[in-house]
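Asks: The following block contains the structure, expressed as structure tokens.
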Amino acid sequence: MAQTPIQLTTFFSFFIFLSSFQLDPTTVHGLSTNSTTTVLLDGARPAMVLPLFLSPPNSSKTPSNLHRHLQGSNANNSPYARMRLYDGLLLNEYYTTRLWIGTPPQGFALIVDTGGTVTYVPCSSCEQCGRHQDPKFQPELSSTYRPVKCNNGCNCDNEKVNCVYGSLYGEMSTSSGDLGEDIISFGIQSELAPQRAVFGCENLETGDLYSQHADGIMGLGRGDLSIVDQLVEKGVISDSFSLCYGGMDIGGGAMVLGGISPPSGTVFTDSDPVRSPYYNIDLKEIHVVGKQLPLNPSVFDEGHVTILDSGTPYAYLPAAAFAAFKDAIMKELYHLKQIRGPYPNYNDICFSGAPSAVSQLSDAFPPIDLVFGNGQHLSLSPENYLFRHSEDRGAYCLGIFEHRYNETILGGILVRNTLVMYDRENSKMGFWKTNCSELWERHHGTGAPAPLVSASNGLLGHMMQLLIMAVIWVPKAAYYSWYLMSNALI
């Protein structure tokens, strides 16, 4: 696997967004740190529950017997949203969700990206956009689409007609286009009314963005154009969201937009928006088999400090930290055979001789702990730092690499089977180890996280449970027909 981070953390982004547009912009969030065991957010704002699923219908590896569905209790009539998301970490190195834009709704597969802020899709006017999963967005077919007109407070196009956006990513791919406003729908299970939101109508894409299968990006980072910020500003969700990625071979999981009650045993760390504009954690130590790596804690504070980014598939450490980690791991794996990686251009560290079953990997690979500034430990199992060798079923490779610019970036692999709570309201992040693919089913009635409801109701939250629904794969044309009919939400 490439040791250069193919990440979606926005390296550069330009846009200015003023309230004069009457599009509900938000400013920098006021955050507090007065809670360590509960996430008590704005009670009147319901959470939106979004389940994660495995590969899309036209994937080359499509399991036909998955049953993954998520339901939120509606005892207090609070709306929530539930959407299918697709786990492509193994094949595509990203997770996607489906959003529907416009009236009538047009569907898109968007990469879930906590490192970026803009949500965008290719538009029909784009002459340099790749072939993606779905047809381009056609603003002319949406009766509710409105371009964001040029204003003194935004970057305008050359004709001074529309506001524009532009993003440059870490692997040097780019996206640019016009800003538009339309109704965004979250799927047929959503009880949250479709919301008007600003998004990017893409006119140009390069690099990985051009060649990727997914249509675009769903930006969950901090910023006026973030879908999270827009929903928070409208008062429809609390200032928090959560992600839960499924395991190495199973996938699935859930995403929740809004606040949840953290389960017992949740590990917390501070997340300071002042130190970095990206979601960050206060990492101080790494332990391998209980032994602390000989590192100065400041090594993790270089650059943007330690970033947690869902748009990055793997993990990257500064040179000193990676060298120490590699040495410690190699000492523990003397009984395995080191082999060449699956990609000739990269010096991946791979091993054969381990059990092929994920459940047995702990018999061969050591446990790792991340230690935060508050002393709490997040334990990592082998599936949190290994990926399968693509040419040898019984072989595994380290999914942690050296970062060329000494940044610490923790991608999706480190939080597989971990419910990650981005508690922006309280400047915290929480981690709870669980089987994300069966999260709500396994914990129904036994402490599963619940979306918070109004304190005036006398309730802290209502439980989210699992609905069972077979994922029936159909030919692509039939699939498009099905979702367009069943998602005529507006």
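Residues in the structure tokens are named by chain (A, B, ... in the order shown) and by number from 1 within that chain; ligands are numbered from 1 in the order shown.
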Quick one: residues within 12 Å of A:Val305, only C-alpha atoms, excluding same-chain residues fewer than 2 positions away - as an MDAnalysis selection string?
Replies: chainID A and resid 271:284 297:303 307:308 317:318 406:410
Asks: Within 8 Å of stretch 135-140 of chain A, counting only C-alpha atoms, which residues show up once you throw out same-chain ones fewer than 3 positions away? Write them as a PDB file with N, CA, C and O atoms, in the first residue's frame, please.
Replies:
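This is the output file part21.pdb:
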```pdb
ATOM      1  N   GLY A 102     -32.112  17.835  -4.710  1.00  0.00           N
ATOM      2  CA  GLY A 102     -33.014  18.421  -5.684  1.00  0.00           C
ATOM      3  C   GLY A 102     -34.438  17.923  -5.610  1.00  0.00           C
ATOM      4  O   GLY A 102     -34.792  17.059  -4.815  1.00  0.00           O
ATOM      5  N   GLN A 106     -32.137  13.588  -6.950  1.00  0.00           N
ATOM      6  CA  GLN A 106     -31.128  12.879  -7.736  1.00  0.00           C
ATOM      7  C   GLN A 106     -30.113  12.297  -6.752  1.00  0.00           C
ATOM      8  O   GLN A 106     -29.592  13.011  -5.900  1.00  0.00           O
ATOM      9  N   VAL A 121     -20.901  17.490  -5.667  1.00  0.00           N
ATOM     10  CA  VAL A 121     -21.176  16.439  -6.641  1.00  0.00           C
ATOM     11  C   VAL A 121     -20.865  16.997  -8.033  1.00  0.00           C
ATOM     12  O   VAL A 121     -20.930  18.214  -8.257  1.00  0.00           O
ATOM     13  N   PRO A 122     -20.526  16.134  -8.982  1.00  0.00           N
ATOM     14  CA  PRO A 122     -20.298  16.617 -10.349  1.00  0.00           C
ATOM     15  C   PRO A 122     -21.598  17.144 -10.958  1.00  0.00           C
ATOM     16  O   PRO A 122     -22.663  16.549 -10.771  1.00  0.00           O
ATOM     17  N   CYS A 123     -21.525  18.250 -11.657  1.00  0.00           N
ATOM     18  CA  CYS A 123     -22.706  18.829 -12.292  1.00  0.00           C
ATOM     19  C   CYS A 123     -22.693  18.591 -13.793  1.00  0.00           C
ATOM     20  O   CYS A 123     -21.644  18.314 -14.381  1.00  0.00           O
ATOM     21  N   SER A 124     -23.843  18.727 -14.383  1.00  0.00           N
ATOM     22  CA  SER A 124     -23.981  18.455 -15.815  1.00  0.00           C
ATOM     23  C   SER A 124     -23.115  19.375 -16.663  1.00  0.00           C
ATOM     24  O   SER A 124     -22.777  19.048 -17.807  1.00  0.00           O
ATOM     25  N   HIS A 132     -18.334   8.289 -12.884  1.00  0.00           N
ATOM     26  CA  HIS A 132     -18.536   7.870 -11.500  1.00  0.00           C
ATOM     27  C   HIS A 132     -19.740   6.936 -11.393  1.00  0.00           C
ATOM     28  O   HIS A 132     -20.293   6.495 -12.400  1.00  0.00           O
ATOM     29  N   SER A 143     -36.444  21.720  -9.553  1.00  0.00           N
ATOM     30  CA  SER A 143     -37.263  22.928  -9.414  1.00  0.00           C
ATOM     31  C   SER A 143     -36.883  23.757  -8.201  1.00  0.00           C
ATOM     32  O   SER A 143     -37.325  24.897  -8.063  1.00  0.00           O
ATOM     33  N   TYR A 145     -33.503  24.136  -7.125  1.00  0.00           N
ATOM     34  CA  TYR A 145     -32.093  24.536  -7.150  1.00  0.00           C
ATOM     35  C   TYR A 145     -31.960  26.039  -7.336  1.00  0.00           C
ATOM     36  O   TYR A 145     -32.669  26.647  -8.140  1.00  0.00           O
ATOM     37  N   CYS A 201     -21.387  22.541  -6.770  1.00  0.00           N
ATOM     38  CA  CYS A 201     -21.783  22.002  -8.073  1.00  0.00           C
ATOM     39  C   CYS A 201     -20.501  21.957  -8.905  1.00  0.00           C
ATOM     40  O   CYS A 201     -20.066  22.952  -9.472  1.00  0.00           O
TER      41      CYS A 201
END
```
Asks: Within stretch 182-296 of chain A, find each residue whose DSSP state, derived from the backbone, is helix (DSSP H, G or I), and express the selection as an MDAnalysis selection string.
Replies: chainID A and resid 208:211 227:233
Asks: Could you tell me which of A:Val228, A:Val358, A:Ala324, A:Ile260 comes closest to A:Ser242 if we count only C-alpha atoms?
Replies: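 Of A:Val228, A:Val358, A:Ala324, A:Ile260, the one nearest A:Ser242, counting only C-alpha atoms, is A:Ile260.
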Asks: Residues within 7 Å of stretch 285-293 of chain A, please, as a list in words. Count only C-alpha atoms; anything in the same chain fewer than 3 positions from it doesn't count.
Replies: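 Those residues are Pro297, Ala324, Phe325, Ala328, Pro366, Pro367, Ile368, Asp369, Leu370, Val371 and Phe372 of chain A.
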Asks: Residues near A:Ala323, anyone? I mean within 12 Å using only C-alpha atoms, not counting same-chain ones fewer than 6 positions away, as a list in words.
Replies: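 The residues satisfying every condition are Leu293, Pro294, Leu295, Tyr316, Leu317, Ile329, Met330, Ile400, Phe401, Glu402, His403 and Asn406 of chain A.
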Asks: Write a file of the just-selected residues containing N, CA and C atoms, as a PDB file, in the first residue's frame.
Replies:
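Resulting contents of selection.pdb:
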```
ATOM      1  N   LEU A 293       6.499   3.062  23.942  1.00  0.00           N
ATOM      2  CA  LEU A 293       7.552   3.376  22.986  1.00  0.00           C
ATOM      3  C   LEU A 293       8.383   4.547  23.508  1.00  0.00           C
ATOM      4  N   PRO A 294       9.701   4.497  23.323  1.00  0.00           N
ATOM      5  CA  PRO A 294      10.574   5.561  23.853  1.00  0.00           C
ATOM      6  C   PRO A 294      10.490   6.835  23.009  1.00  0.00           C
ATOM      7  N   LEU A 295       9.447   7.598  23.238  1.00  0.00           N
ATOM      8  CA  LEU A 295       9.196   8.788  22.434  1.00  0.00           C
ATOM      9  C   LEU A 295       8.873   9.981  23.322  1.00  0.00           C
ATOM     10  N   TYR A 316      -0.703   7.271   9.738  1.00  0.00           N
ATOM     11  CA  TYR A 316       0.619   7.789   9.422  1.00  0.00           C
ATOM     12  C   TYR A 316       1.217   8.433  10.670  1.00  0.00           C
ATOM     13  N   LEU A 317       2.487   8.111  10.922  1.00  0.00           N
ATOM     14  CA  LEU A 317       3.189   8.613  12.097  1.00  0.00           C
ATOM     15  C   LEU A 317       4.428   9.393  11.674  1.00  0.00           C
ATOM     16  N   ILE A 329       7.120  -3.709  16.861  1.00  0.00           N
ATOM     17  CA  ILE A 329       6.288  -4.712  16.200  1.00  0.00           C
ATOM     18  C   ILE A 329       7.145  -5.867  15.688  1.00  0.00           C
ATOM     19  N   MET A 330       8.273  -5.548  15.074  1.00  0.00           N
ATOM     20  CA  MET A 330       9.136  -6.589  14.514  1.00  0.00           C
ATOM     21  C   MET A 330       9.654  -7.535  15.590  1.00  0.00           C
ATOM     22  N   ILE A 400       0.020   1.029   9.073  1.00  0.00           N
ATOM     23  CA  ILE A 400       0.561   2.245   9.674  1.00  0.00           C
ATOM     24  C   ILE A 400       1.873   2.551   8.962  1.00  0.00           C
ATOM     25  N   PHE A 401       2.019   3.789   8.480  1.00  0.00           N
ATOM     26  CA  PHE A 401       3.160   4.159   7.666  1.00  0.00           C
ATOM     27  C   PHE A 401       3.835   5.411   8.214  1.00  0.00           C
ATOM     28  N   GLU A 402       5.000   5.684   7.673  1.00  0.00           N
ATOM     29  CA  GLU A 402       5.714   6.917   8.020  1.00  0.00           C
ATOM     30  C   GLU A 402       5.186   8.068   7.177  1.00  0.00           C
ATOM     31  N   HIS A 403       4.927   9.187   7.838  1.00  0.00           N
ATOM     32  CA  HIS A 403       4.451  10.368   7.123  1.00  0.00           C
ATOM     33  C   HIS A 403       5.640  11.222   6.681  1.00  0.00           C
ATOM     34  N   ASN A 406       6.094  14.377   8.732  1.00  0.00           N
ATOM     35  CA  ASN A 406       6.069  14.203  10.187  1.00  0.00           C
ATOM     36  C   ASN A 406       4.735  14.584  10.817  1.00  0.00           C
TER      37      ASN A 406
END
```
Asks: When distances are computed from only C-alpha atoms, which of A:Pro342, A:Gly216, A:Gly259, A:Gly412 shows the smallest separation from A:Asn203?
Replies: A:Gly216
Asks: Give me the residues near A:Asp208 as number ranges by chain, where near means some atom within 8 Å (using only C-alpha atoms) and where sequence neighbours in that chain fewer than 2 positions away do not count.
Replies: A: 171, 173, 206, 210-212
